[in-house]
Amino acid sequence: MTSDEARQPPNWGRRVAAKLRFTSLRLRLVVVFGLVALTAAVSASGIAYWLNREALLTRTQDAALKDFQSEMQNRAARLPADPGQTALQDAAGLMARSSQQYSVILIAEGPDGKEVSAKAGMPAKSGVPATFSLADVPAALQDAVNEPQQAASGGEATYRMFWQRTQLDGTPYLVGGTRVLGDGPTGYMLKSLAPEQKDLSSLAWSLGIATTLALIGAALLAQAAATTVLKPVHRLGVAARRLGEGKLDTRLRVSGTDELAELSRTFNRTAESLEKKVADMSAREESSRRFVADMSHELRTPLTAITAVTEVLEEEEDSLDPMIAPAVRLVVSETRRLNDLVENLMEVTRFDAGTARLVLDHVDLADQITACIDARAWLDAVDLDAERGIMARLDPRRLDVILANLIGNALKHGGSPVRVSVRTELLEGEDGIVISVRDHGPGIPEEVLPHVFDRFYKASASRPRSEGSGLGLSIALENAHIHGGEITAANSPDGGAVFTLRLPRDASDLVERPEEEPADGSSDEAVEGVR
């Protein structure tokens, strides 16, 4: 085996065969039509050839044998009981002059009791060899000719005519033989079937040409039929793609009453129903978003007042009655939770409405992560692995939201220590940053992983209420998306969950500059619109 052969994969043959599979419906239709036409044409040609062959050979054979039998009765039967060589030769010559053009051998017992024979043949143009001898007659045929056959009526045994088709030097021949009753001469004839073979060869060529023409006609017919059938199917495919692209007003022109027309009508009804349902769902979704936005704004004003009151109560907690202090702490805690929920809902509505904006600035990632951890008193629970000097142009506030949600989620559900690492790598051909947050908890169940970023998703249905709002990871993902990044969740092989944040190092290309710069020229702090 050569080195090139050794490098061939073991299943390369299967891959090549897979590439050769018919992937075009038009090609499959043409091939099927062609195979059916070829089968029908070959079958019809074969049957026609066989019938014509049998008819031609039977007609030639019957005519030759009937003529030979008649000549045996008219010539050989009239010879004397012990004919001489001359009489036997004359009879053979007269028999060979028959219109059927065959050679003759006559065998009889001579006057001296010895066997005498005579041969006579047609000219070479008849196709019969001039050297026809008894050796050319099959032994089985000679035995059958010389064996008397008992009559069915039980009368005297008679000799019958026997024949056999054979080949001599590649040429087909008909050999026949019979014997005259009363110990008369035995005669054999040899007739060439070469003319019939030539006629059959011409017939085979004609049938082959007819089969080829039929196959070509079937291919053209299949092409026309495939075009007729596949044109509506192609239009249906184009319409389905347009529908999949969100163009729900796509409709097909319907003409006729056949199955394809009914399929087009079904498609139109389906598209109309889908358009209506999508419109209804969009209206309900828009109504729900408006309700959430309005509710959040309406709650914000009274909540601000409640928050101010709870802050006062929290400051006076030490001077309150011990029986009232727990209730005050509960009110303060729930008010903060409600305030966070409202803020998160308002942020979600901004994302849904497409009004969220980036305020870009140059950020040292190590300093940004340290500030996030320090502001929430997580320094003792978080292990930071980040080199100083890794700069990025991002929105500091939104990056803080992402980090706070990821690290807070790891501390809450995975337990400390939480390891945060930062590295740089190429993301889609551009400079990017990767921030990993890993905890040392039990990890995330496999059935929960696909839903960790869903809004209001709870891993345990038996614990619908938790300290969080169920929106933190969803908001973190939206903030990553607005930067052109992504967040993924997975389980570490060493245990614990790993959340990986990937962001471009410069998000400037993802925002549109406002038409007018601010008057103070502070472009870095300007609010830039997201594309």
# chains A, B, ... in the order shown; residues from 1 in each chain; ligands from 1

call {"tool": "residues_around", "arguments": {"residues": "Gly34 in chain A", "least_positions_apart": "2", "cutoff": "10 Å", "atoms": "only C-alpha atoms", "output": "PyMOL selection string"}}
result
chain A and resi 28-32+36-40+214-222

call {"tool": "write_last_selection", "arguments": {"atoms": "C-alpha atoms", "output": "compact mmCIF listing (two decimals), in the first residue's frame"}}
result
# COMPACT_ATOMS: atom_id res chain seq x y z
CA ARG A 28 -34.64 11.60 -10.35
CA LEU A 29 -37.84 12.00 -12.38
CA VAL A 30 -35.96 11.80 -15.67
CA VAL A 31 -34.02 8.74 -14.49
CA VAL A 32 -37.19 6.99 -13.28
CA VAL A 36 -39.45 2.60 -16.89
CA ALA A 37 -39.28 3.34 -20.63
CA LEU A 38 -36.11 1.26 -21.00
CA THR A 39 -37.67 -1.67 -19.16
CA ALA A 40 -40.83 -1.48 -21.24
CA ALA A 214 -38.06 5.17 -27.31
CA LEU A 215 -35.62 5.87 -24.49
CA ILE A 216 -34.74 9.28 -25.94
CA GLY A 217 -38.42 10.07 -26.38
CA ALA A 218 -39.12 8.99 -22.80
CA ALA A 219 -36.30 11.22 -21.54
CA LEU A 220 -37.71 14.21 -23.44
CA LEU A 221 -41.19 13.41 -22.18
CA ALA A 222 -39.84 13.06 -18.64

call {"tool": "atom_distance", "arguments": {"atom1": "CA of Ala96 in chain A", "atom2": "CA of Gly182 in chain A"}}
result
23.4 Å

call {"tool": "select_by_dssp", "arguments": {"residues": "range 181-407 of chain A", "states": "strand (DSSP E or B)", "output": "PDB file with all heavy atoms, in the first residue's frame"}}
result
ATOM      1  N   THR A 186     -32.239 -44.813 -45.926  1.00  0.00           N
ATOM      2  CA  THR A 186     -32.283 -43.803 -44.862  1.00  0.00           C
ATOM      3  C   THR A 186     -31.721 -42.506 -45.444  1.00  0.00           C
ATOM      4  O   THR A 186     -30.678 -42.528 -46.108  1.00  0.00           O
ATOM      5  CB  THR A 186     -31.440 -44.229 -43.661  1.00  0.00           C
ATOM      6  OG1 THR A 186     -31.959 -45.466 -43.148  1.00  0.00           O
ATOM      7  CG2 THR A 186     -31.483 -43.156 -42.571  1.00  0.00           C
ATOM      8  N   GLY A 187     -32.457 -41.398 -45.195  1.00  0.00           N
ATOM      9  CA  GLY A 187     -32.024 -40.123 -45.749  1.00  0.00           C
ATOM     10  C   GLY A 187     -31.831 -39.049 -44.670  1.00  0.00           C
ATOM     11  O   GLY A 187     -32.569 -39.010 -43.678  1.00  0.00           O
ATOM     12  N   TYR A 188     -30.811 -38.227 -44.881  1.00  0.00           N
ATOM     13  CA  TYR A 188     -30.539 -37.097 -43.997  1.00  0.00           C
ATOM     14  C   TYR A 188     -30.393 -35.832 -44.844  1.00  0.00           C
ATOM     15  O   TYR A 188     -29.871 -35.877 -45.968  1.00  0.00           O
ATOM     16  CB  TYR A 188     -29.252 -37.318 -43.201  1.00  0.00           C
ATOM     17  CG  TYR A 188     -29.317 -38.483 -42.256  1.00  0.00           C
ATOM     18  CD1 TYR A 188     -28.753 -39.712 -42.627  1.00  0.00           C
ATOM     19  CD2 TYR A 188     -29.932 -38.369 -41.006  1.00  0.00           C
ATOM     20  CE1 TYR A 188     -28.817 -40.795 -41.769  1.00  0.00           C
ATOM     21  CE2 TYR A 188     -29.982 -39.458 -40.149  1.00  0.00           C
ATOM     22  CZ  TYR A 188     -29.433 -40.656 -40.526  1.00  0.00           C
ATOM     23  OH  TYR A 188     -29.499 -41.735 -39.680  1.00  0.00           O
ATOM     24  N   MET A 189     -30.851 -34.753 -44.328  1.00  0.00           N
ATOM     25  CA  MET A 189     -30.740 -33.458 -45.002  1.00  0.00           C
ATOM     26  C   MET A 189     -30.063 -32.440 -44.071  1.00  0.00           C
ATOM     27  O   MET A 189     -30.171 -32.535 -42.853  1.00  0.00           O
ATOM     28  CB  MET A 189     -32.095 -32.927 -45.446  1.00  0.00           C
ATOM     29  CG  MET A 189     -33.153 -32.805 -44.367  1.00  0.00           C
ATOM     30  SD  MET A 189     -33.070 -31.272 -43.389  1.00  0.00           S
ATOM     31  CE  MET A 189     -33.561 -30.098 -44.584  1.00  0.00           C
ATOM     32  N   LEU A 190     -29.365 -31.502 -44.693  1.00  0.00           N
ATOM     33  CA  LEU A 190     -28.687 -30.435 -43.950  1.00  0.00           C
ATOM     34  C   LEU A 190     -29.004 -29.114 -44.645  1.00  0.00           C
ATOM     35  O   LEU A 190     -28.622 -28.921 -45.799  1.00  0.00           O
ATOM     36  CB  LEU A 190     -27.172 -30.663 -43.913  1.00  0.00           C
ATOM     37  CG  LEU A 190     -26.352 -29.595 -43.162  1.00  0.00           C
ATOM     38  CD1 LEU A 190     -26.603 -29.717 -41.659  1.00  0.00           C
ATOM     39  CD2 LEU A 190     -24.860 -29.747 -43.466  1.00  0.00           C
ATOM     40  N   LYS A 191     -29.692 -28.239 -43.910  1.00  0.00           N
ATOM     41  CA  LYS A 191     -30.081 -26.940 -44.481  1.00  0.00           C
ATOM     42  C   LYS A 191     -29.469 -25.817 -43.661  1.00  0.00           C
ATOM     43  O   LYS A 191     -29.540 -25.801 -42.426  1.00  0.00           O
ATOM     44  CB  LYS A 191     -31.603 -26.792 -44.512  1.00  0.00           C
ATOM     45  CG  LYS A 191     -32.054 -25.429 -45.042  1.00  0.00           C
ATOM     46  CD  LYS A 191     -33.536 -25.328 -45.160  1.00  0.00           C
ATOM     47  CE  LYS A 191     -33.961 -23.918 -45.581  1.00  0.00           C
ATOM     48  NZ  LYS A 191     -33.338 -23.492 -46.864  1.00  0.00           N
ATOM     49  N   SER A 192     -28.858 -24.869 -44.326  1.00  0.00           N
ATOM     50  CA  SER A 192     -28.265 -23.722 -43.645  1.00  0.00           C
ATOM     51  C   SER A 192     -29.349 -22.743 -43.189  1.00  0.00           C
ATOM     52  O   SER A 192     -30.285 -22.445 -43.944  1.00  0.00           O
ATOM     53  CB  SER A 192     -27.273 -23.013 -44.573  1.00  0.00           C
ATOM     54  OG  SER A 192     -26.807 -21.822 -43.962  1.00  0.00           O
ATOM     55  N   LEU A 358     -25.611  52.732  24.589  1.00  0.00           N
ATOM     56  CA  LEU A 358     -24.288  52.556  25.175  1.00  0.00           C
ATOM     57  C   LEU A 358     -23.659  53.912  25.473  1.00  0.00           C
ATOM     58  O   LEU A 358     -23.769  54.846  24.675  1.00  0.00           O
ATOM     59  CB  LEU A 358     -23.378  51.781  24.213  1.00  0.00           C
ATOM     60  CG  LEU A 358     -23.643  50.287  24.020  1.00  0.00           C
ATOM     61  CD1 LEU A 358     -22.699  49.741  22.959  1.00  0.00           C
ATOM     62  CD2 LEU A 358     -23.483  49.525  25.319  1.00  0.00           C
ATOM     63  N   ASP A 361     -16.634  54.213  27.185  1.00  0.00           N
ATOM     64  CA  ASP A 361     -15.486  54.838  27.839  1.00  0.00           C
ATOM     65  C   ASP A 361     -14.343  53.826  27.821  1.00  0.00           C
ATOM     66  O   ASP A 361     -14.557  52.614  27.670  1.00  0.00           O
ATOM     67  CB  ASP A 361     -15.832  55.220  29.282  1.00  0.00           C
ATOM     68  CG  ASP A 361     -14.815  56.207  29.861  1.00  0.00           C
ATOM     69  OD1 ASP A 361     -13.873  56.578  29.119  1.00  0.00           O
ATOM     70  OD2 ASP A 361     -14.963  56.583  31.026  1.00  0.00           O
ATOM     71  N   HIS A 362     -13.118  54.322  27.981  1.00  0.00           N
ATOM     72  CA  HIS A 362     -11.965  53.432  28.069  1.00  0.00           C
ATOM     73  C   HIS A 362     -11.898  52.866  29.480  1.00  0.00           C
ATOM     74  O   HIS A 362     -11.890  53.611  30.464  1.00  0.00           O
ATOM     75  CB  HIS A 362     -10.679  54.185  27.729  1.00  0.00           C
ATOM     76  CG  HIS A 362     -10.620  54.596  26.284  1.00  0.00           C
ATOM     77  ND1 HIS A 362     -10.354  53.714  25.270  1.00  0.00           N
ATOM     78  CD2 HIS A 362     -10.821  55.805  25.688  1.00  0.00           C
ATOM     79  CE1 HIS A 362     -10.372  54.346  24.121  1.00  0.00           C
ATOM     80  NE2 HIS A 362     -10.659  55.622  24.342  1.00  0.00           N
ATOM     81  N   VAL A 363     -11.857  51.535  29.573  1.00  0.00           N
ATOM     82  CA  VAL A 363     -11.960  50.851  30.862  1.00  0.00           C
ATOM     83  C   VAL A 363     -10.756  49.936  31.037  1.00  0.00           C
ATOM     84  O   VAL A 363     -10.390  49.185  30.123  1.00  0.00           O
ATOM     85  CB  VAL A 363     -13.264  50.027  30.934  1.00  0.00           C
ATOM     86  CG1 VAL A 363     -13.326  49.234  32.231  1.00  0.00           C
ATOM     87  CG2 VAL A 363     -14.471  50.942  30.804  1.00  0.00           C
ATOM     88  N   ASP A 364     -10.130  50.029  32.239  1.00  0.00           N
ATOM     89  CA  ASP A 364      -9.136  49.030  32.636  1.00  0.00           C
ATOM     90  C   ASP A 364      -9.908  47.885  33.288  1.00  0.00           C
ATOM     91  O   ASP A 364     -10.549  48.055  34.329  1.00  0.00           O
ATOM     92  CB  ASP A 364      -8.132  49.627  33.622  1.00  0.00           C
ATOM     93  CG  ASP A 364      -6.999  48.657  33.938  1.00  0.00           C
ATOM     94  OD1 ASP A 364      -7.292  47.497  34.300  1.00  0.00           O
ATOM     95  OD2 ASP A 364      -5.833  49.055  33.835  1.00  0.00           O
ATOM     96  N   VAL A 382     -14.011  36.403  46.432  1.00  0.00           N
ATOM     97  CA  VAL A 382     -13.719  36.341  45.001  1.00  0.00           C
ATOM     98  C   VAL A 382     -12.209  36.349  44.800  1.00  0.00           C
ATOM     99  O   VAL A 382     -11.501  37.161  45.387  1.00  0.00           O
ATOM    100  CB  VAL A 382     -14.374  37.521  44.247  1.00  0.00           C
ATOM    101  CG1 VAL A 382     -13.996  37.474  42.768  1.00  0.00           C
ATOM    102  CG2 VAL A 382     -15.887  37.488  44.416  1.00  0.00           C
ATOM    103  N   ASP A 383     -11.727  35.451  43.947  1.00  0.00           N
ATOM    104  CA  ASP A 383     -10.312  35.377  43.578  1.00  0.00           C
ATOM    105  C   ASP A 383     -10.184  35.910  42.153  1.00  0.00           C
ATOM    106  O   ASP A 383     -10.693  35.309  41.205  1.00  0.00           O
ATOM    107  CB  ASP A 383      -9.839  33.919  43.656  1.00  0.00           C
ATOM    108  CG  ASP A 383      -8.366  33.788  43.295  1.00  0.00           C
ATOM    109  OD1 ASP A 383      -7.680  34.813  43.246  1.00  0.00           O
ATOM    110  OD2 ASP A 383      -7.922  32.644  43.046  1.00  0.00           O
ATOM    111  N   LEU A 384      -9.527  37.057  42.005  1.00  0.00           N
ATOM    112  CA  LEU A 384      -9.414  37.724  40.711  1.00  0.00           C
ATOM    113  C   LEU A 384      -8.074  37.412  40.064  1.00  0.00           C
ATOM    114  O   LEU A 384      -7.019  37.583  40.675  1.00  0.00           O
ATOM    115  CB  LEU A 384      -9.575  39.242  40.868  1.00  0.00           C
ATOM    116  CG  LEU A 384      -9.412  40.083  39.592  1.00  0.00           C
ATOM    117  CD1 LEU A 384     -10.441  39.679  38.539  1.00  0.00           C
ATOM    118  CD2 LEU A 384      -9.522  41.565  39.918  1.00  0.00           C
ATOM    119  N   ASP A 385      -8.130  36.928  38.809  1.00  0.00           N
ATOM    120  CA  ASP A 385      -6.926  36.659  38.024  1.00  0.00           C
ATOM    121  C   ASP A 385      -6.976  37.536  36.770  1.00  0.00           C
ATOM    122  O   ASP A 385      -7.491  37.143  35.727  1.00  0.00           O
ATOM    123  CB  ASP A 385      -6.869  35.174  37.637  1.00  0.00           C
ATOM    124  CG  ASP A 385      -5.641  34.843  36.799  1.00  0.00           C
ATOM    125  OD1 ASP A 385      -4.714  35.668  36.759  1.00  0.00           O
ATOM    126  OD2 ASP A 385      -5.631  33.754  36.172  1.00  0.00           O
ATOM    127  N   MET A 391      -6.952  47.150  28.468  1.00  0.00           N
ATOM    128  CA  MET A 391      -7.913  48.224  28.244  1.00  0.00           C
ATOM    129  C   MET A 391      -8.952  47.798  27.207  1.00  0.00           C
ATOM    130  O   MET A 391      -8.678  47.013  26.296  1.00  0.00           O
ATOM    131  CB  MET A 391      -7.204  49.494  27.766  1.00  0.00           C
ATOM    132  CG  MET A 391      -6.114  49.993  28.701  1.00  0.00           C
ATOM    133  SD  MET A 391      -6.753  50.447  30.342  1.00  0.00           S
ATOM    134  CE  MET A 391      -7.811  51.836  29.892  1.00  0.00           C
ATOM    135  N   ALA A 392     -10.144  48.336  27.371  1.00  0.00           N
ATOM    136  CA  ALA A 392     -11.235  48.077  26.424  1.00  0.00           C
ATOM    137  C   ALA A 392     -12.135  49.297  26.391  1.00  0.00           C
ATOM    138  O   ALA A 392     -12.258  50.030  27.380  1.00  0.00           O
ATOM    139  CB  ALA A 392     -12.018  46.840  26.827  1.00  0.00           C
ATOM    140  N   ARG A 393     -12.752  49.510  25.245  1.00  0.00           N
ATOM    141  CA  ARG A 393     -13.711  50.617  25.119  1.00  0.00           C
ATOM    142  C   ARG A 393     -15.113  50.034  25.196  1.00  0.00           C
ATOM    143  O   ARG A 393     -15.649  49.503  24.225  1.00  0.00           O
ATOM    144  CB  ARG A 393     -13.490  51.367  23.802  1.00  0.00           C
ATOM    145  CG  ARG A 393     -14.391  52.581  23.650  1.00  0.00           C
ATOM    146  CD  ARG A 393     -13.962  53.466  22.492  1.00  0.00           C
ATOM    147  NE  ARG A 393     -14.930  54.513  22.199  1.00  0.00           N
ATOM    148  CZ  ARG A 393     -15.090  55.621  22.914  1.00  0.00           C
ATOM    149  NH1 ARG A 393     -14.335  55.814  24.005  1.00  0.00           N
ATOM    150  NH2 ARG A 393     -15.982  56.527  22.586  1.00  0.00           N
ATOM    151  N   LEU A 394     -15.714  50.159  26.388  1.00  0.00           N
ATOM    152  CA  LEU A 394     -17.009  49.565  26.682  1.00  0.00           C
ATOM    153  C   LEU A 394     -17.852  50.548  27.477  1.00  0.00           C
ATOM    154  O   LEU A 394     -17.404  51.648  27.823  1.00  0.00           O
ATOM    155  CB  LEU A 394     -16.831  48.257  27.480  1.00  0.00           C
ATOM    156  CG  LEU A 394     -15.946  47.165  26.844  1.00  0.00           C
ATOM    157  CD1 LEU A 394     -15.651  46.084  27.868  1.00  0.00           C
ATOM    158  CD2 LEU A 394     -16.623  46.568  25.607  1.00  0.00           C
TER     159      LEU A 394
END

call {"tool": "residues_around", "arguments": {"residues": "range 442-447 of chain A", "least_positions_apart": "6", "cutoff": "8 Å", "atoms": "only C-alpha atoms", "output": "mmCIF file with all heavy atoms, in the first residue's frame"}}
result
data_model
loop_
_atom_site.group_PDB
_atom_site.id
_atom_site.type_symbol
_atom_site.label_atom_id
_atom_site.label_comp_id
_atom_site.auth_asym_id
_atom_site.auth_seq_id
_atom_site.Cartn_x
_atom_site.Cartn_y
_atom_site.Cartn_z
ATOM 1 N N GLY A 414 -23.449 28.888 43.848
ATOM 2 C CA GLY A 414 -22.306 27.984 43.780
ATOM 3 C C GLY A 414 -21.430 28.016 45.013
ATOM 4 O O GLY A 414 -20.746 27.043 45.328
ATOM 5 N N ALA A 490 -21.787 26.772 31.295
ATOM 6 C CA ALA A 490 -21.400 25.367 31.186
ATOM 7 C C ALA A 490 -20.953 24.874 32.551
ATOM 8 O O ALA A 490 -20.818 25.661 33.497
ATOM 9 C CB ALA A 490 -20.280 25.194 30.154
ATOM 10 N N ASN A 491 -20.748 23.575 32.653
ATOM 11 C CA ASN A 491 -20.234 22.969 33.874
ATOM 12 C C ASN A 491 -18.767 22.613 33.680
ATOM 13 O O ASN A 491 -18.381 22.067 32.641
ATOM 14 C CB ASN A 491 -21.026 21.704 34.228
ATOM 15 C CG ASN A 491 -22.413 22.035 34.741
ATOM 16 O OD1 ASN A 491 -22.579 22.936 35.560
ATOM 17 N ND2 ASN A 491 -23.417 21.315 34.246
ATOM 18 N N SER A 492 -17.952 22.935 34.661
ATOM 19 C CA SER A 492 -16.527 22.649 34.573
ATOM 20 C C SER A 492 -16.277 21.169 34.829
ATOM 21 O O SER A 492 -16.950 20.547 35.664
ATOM 22 C CB SER A 492 -15.759 23.486 35.606
ATOM 23 O OG SER A 492 -14.402 23.100 35.654
ATOM 24 N N GLY A 495 -15.762 20.410 38.380
ATOM 25 C CA GLY A 495 -16.842 20.741 39.295
ATOM 26 C C GLY A 495 -17.160 22.221 39.292
ATOM 27 O O GLY A 495 -16.269 23.065 39.099
ATOM 28 N N GLY A 496 -18.412 22.546 39.519
ATOM 29 C CA GLY A 496 -18.829 23.926 39.542
ATOM 30 C C GLY A 496 -19.277 24.419 38.180
ATOM 31 O O GLY A 496 -19.049 23.774 37.151
ATOM 32 N N ALA A 497 -19.941 25.558 38.171
ATOM 33 C CA ALA A 497 -20.438 26.161 36.936
ATOM 34 C C ALA A 497 -19.466 27.230 36.454
ATOM 35 O O ALA A 497 -18.784 27.873 37.245
ATOM 36 C CB ALA A 497 -21.824 26.761 37.161
#

call {"tool": "residues_around", "arguments": {"residues": "Phe499 in chain A", "least_positions_apart": "2", "cutoff": "6 Å", "atoms": "only C-alpha atoms", "output": "NGL selection string"}}
result
:A and (436-437 or 488-489)

call {"tool": "write_last_selection", "arguments": {"atoms": "all heavy atoms", "output": "CSV table (one decimal), in the first residue's frame"}}
result
chain,number,residue,atom,x,y,z
A,436,SER,N,-14.1,34.9,32.6
A,436,SER,CA,-14.7,33.7,33.0
A,436,SER,C,-15.0,33.8,34.5
A,436,SER,O,-14.1,34.3,35.3
A,436,SER,CB,-13.8,32.5,32.8
A,436,SER,OG,-13.5,32.3,31.4
A,437,VAL,N,-16.2,33.4,34.9
A,437,VAL,CA,-16.6,33.4,36.3
A,437,VAL,C,-16.9,31.9,36.7
A,437,VAL,O,-17.9,31.4,36.2
A,437,VAL,CB,-17.8,34.3,36.6
A,437,VAL,CG1,-18.2,34.3,38.0
A,437,VAL,CG2,-17.5,35.7,36.1
A,488,THR,N,-22.0,32.5,27.8
A,488,THR,CA,-22.4,31.1,27.7
A,488,THR,C,-22.2,30.5,29.1
A,488,THR,O,-21.4,31.0,29.9
A,488,THR,CB,-21.4,30.3,26.8
A,488,THR,OG1,-20.1,30.5,27.1
A,488,THR,CG2,-21.6,30.8,25.3
A,489,ALA,N,-23.0,29.5,29.4
A,489,ALA,CA,-22.9,28.8,30.7
A,489,ALA,C,-22.6,27.3,30.4
A,489,ALA,O,-23.1,26.7,29.5
A,489,ALA,CB,-24.3,28.9,31.4

call {"tool": "residues_around", "arguments": {"residues": "range 161-173 of chain A", "least_positions_apart": "5", "cutoff": "8 Å", "atoms": "only C-alpha atoms", "output": "PyMOL selection string"}}
result
chain A and resi 69+141+144-145+178-179+190-194+197

call {"tool": "residues_around", "arguments": {"residues": "Leu263 in chain A", "least_positions_apart": "2", "cutoff": "10 Å", "atoms": "only C-alpha atoms", "output": "count of residues only"}}
result
15

call {"tool": "select_by_dssp", "arguments": {"residues": "range 327-453 of chain A", "states": "helix (DSSP H, G or I)", "output": "ChimeraX atom specification"}}
result
/A:327-353,365-375,396-413,449-451

call {"tool": "residues_around", "arguments": {"residues": "range 43-60 of chain A", "least_positions_apart": "4", "cutoff": "9 Å", "atoms": "only C-alpha atoms", "output": "PyMOL selection string"}}
result
chain A and resi 38-39+64-65+100+193+196-197+200+203-204+207-208+210-211

call {"tool": "write_last_selection", "arguments": {"atoms": "N, CA and C atoms", "output": "tab-separated table (two decimals), in the first residue's frame"}}
result
chain	number	residue	atom	x	y	z
A	38	LEU	N	-37.09	2.25	-20.56
A	38	LEU	CA	-36.11	1.26	-21.00
A	38	LEU	C	-36.58	-0.16	-20.69
A	39	THR	N	-37.15	-0.35	-19.51
A	39	THR	CA	-37.67	-1.67	-19.16
A	39	THR	C	-38.78	-2.09	-20.10
A	64	ALA	N	-38.76	-26.85	-45.04
A	64	ALA	CA	-37.65	-27.72	-45.44
A	64	ALA	C	-37.96	-29.19	-45.12
A	65	LEU	N	-38.46	-29.47	-43.94
A	65	LEU	CA	-38.74	-30.86	-43.55
A	65	LEU	C	-39.88	-31.46	-44.37
A	100	GLN	N	-35.74	-25.84	-51.67
A	100	GLN	CA	-35.40	-25.54	-50.27
A	100	GLN	C	-33.89	-25.48	-50.03
A	193	LEU	N	-29.19	-22.27	-41.95
A	193	LEU	CA	-30.09	-21.24	-41.41
A	193	LEU	C	-29.41	-19.88	-41.37
A	196	GLU	N	-31.67	-16.88	-42.31
A	196	GLU	CA	-32.57	-16.55	-41.21
A	196	GLU	C	-31.82	-15.83	-40.08
A	197	GLN	N	-30.58	-16.30	-39.83
A	197	GLN	CA	-29.78	-15.63	-38.80
A	197	GLN	C	-29.50	-14.18	-39.20
A	200	LEU	N	-32.60	-12.25	-38.59
A	200	LEU	CA	-32.80	-12.01	-37.16
A	200	LEU	C	-31.84	-10.95	-36.63
A	203	LEU	N	-33.28	-7.73	-37.60
A	203	LEU	CA	-34.41	-7.45	-36.72
A	203	LEU	C	-33.94	-6.96	-35.35
A	204	ALA	N	-32.86	-7.58	-34.83
A	204	ALA	CA	-32.34	-7.16	-33.53
A	204	ALA	C	-31.82	-5.74	-33.57
A	207	LEU	N	-34.82	-3.42	-33.66
A	207	LEU	CA	-35.44	-3.30	-32.33
A	207	LEU	C	-34.56	-2.50	-31.39
A	208	GLY	N	-33.22	-2.65	-31.51
A	208	GLY	CA	-32.32	-1.87	-30.68
A	208	GLY	C	-32.42	-0.38	-30.97
A	210	ALA	N	-35.06	1.08	-32.27
A	210	ALA	CA	-36.37	1.50	-31.78
A	210	ALA	C	-36.35	1.71	-30.28
A	211	THR	N	-35.64	0.83	-29.55
A	211	THR	CA	-35.54	0.97	-28.09
A	211	THR	C	-34.81	2.25	-27.72

call {"tool": "closest_residue", "arguments": {"among": "A:Ser103, A:Thr424, A:Thr335, A:Ser264", "to": "Val309 in chain A", "atoms": "only C-alpha atoms"}}
result
A:Thr335

call {"tool": "atom_distance", "arguments": {"atom1": "CA of Ala353 in chain A", "atom2": "CA of Asp395 in chain A"}}
result
19.4 Å

call {"tool": "atom_distance", "arguments": {"atom1": "CA of Arg290 in chain A", "atom2": "CA of Val342 in chain A"}}
result
14.2 Å

call {"tool": "closest_residue", "arguments": {"among": "A:Arg336, A:Gly244, A:Tyr457, A:Ala507", "to": "Ala308 in chain A", "atoms": "only C-alpha atoms"}}
result
A:Arg336
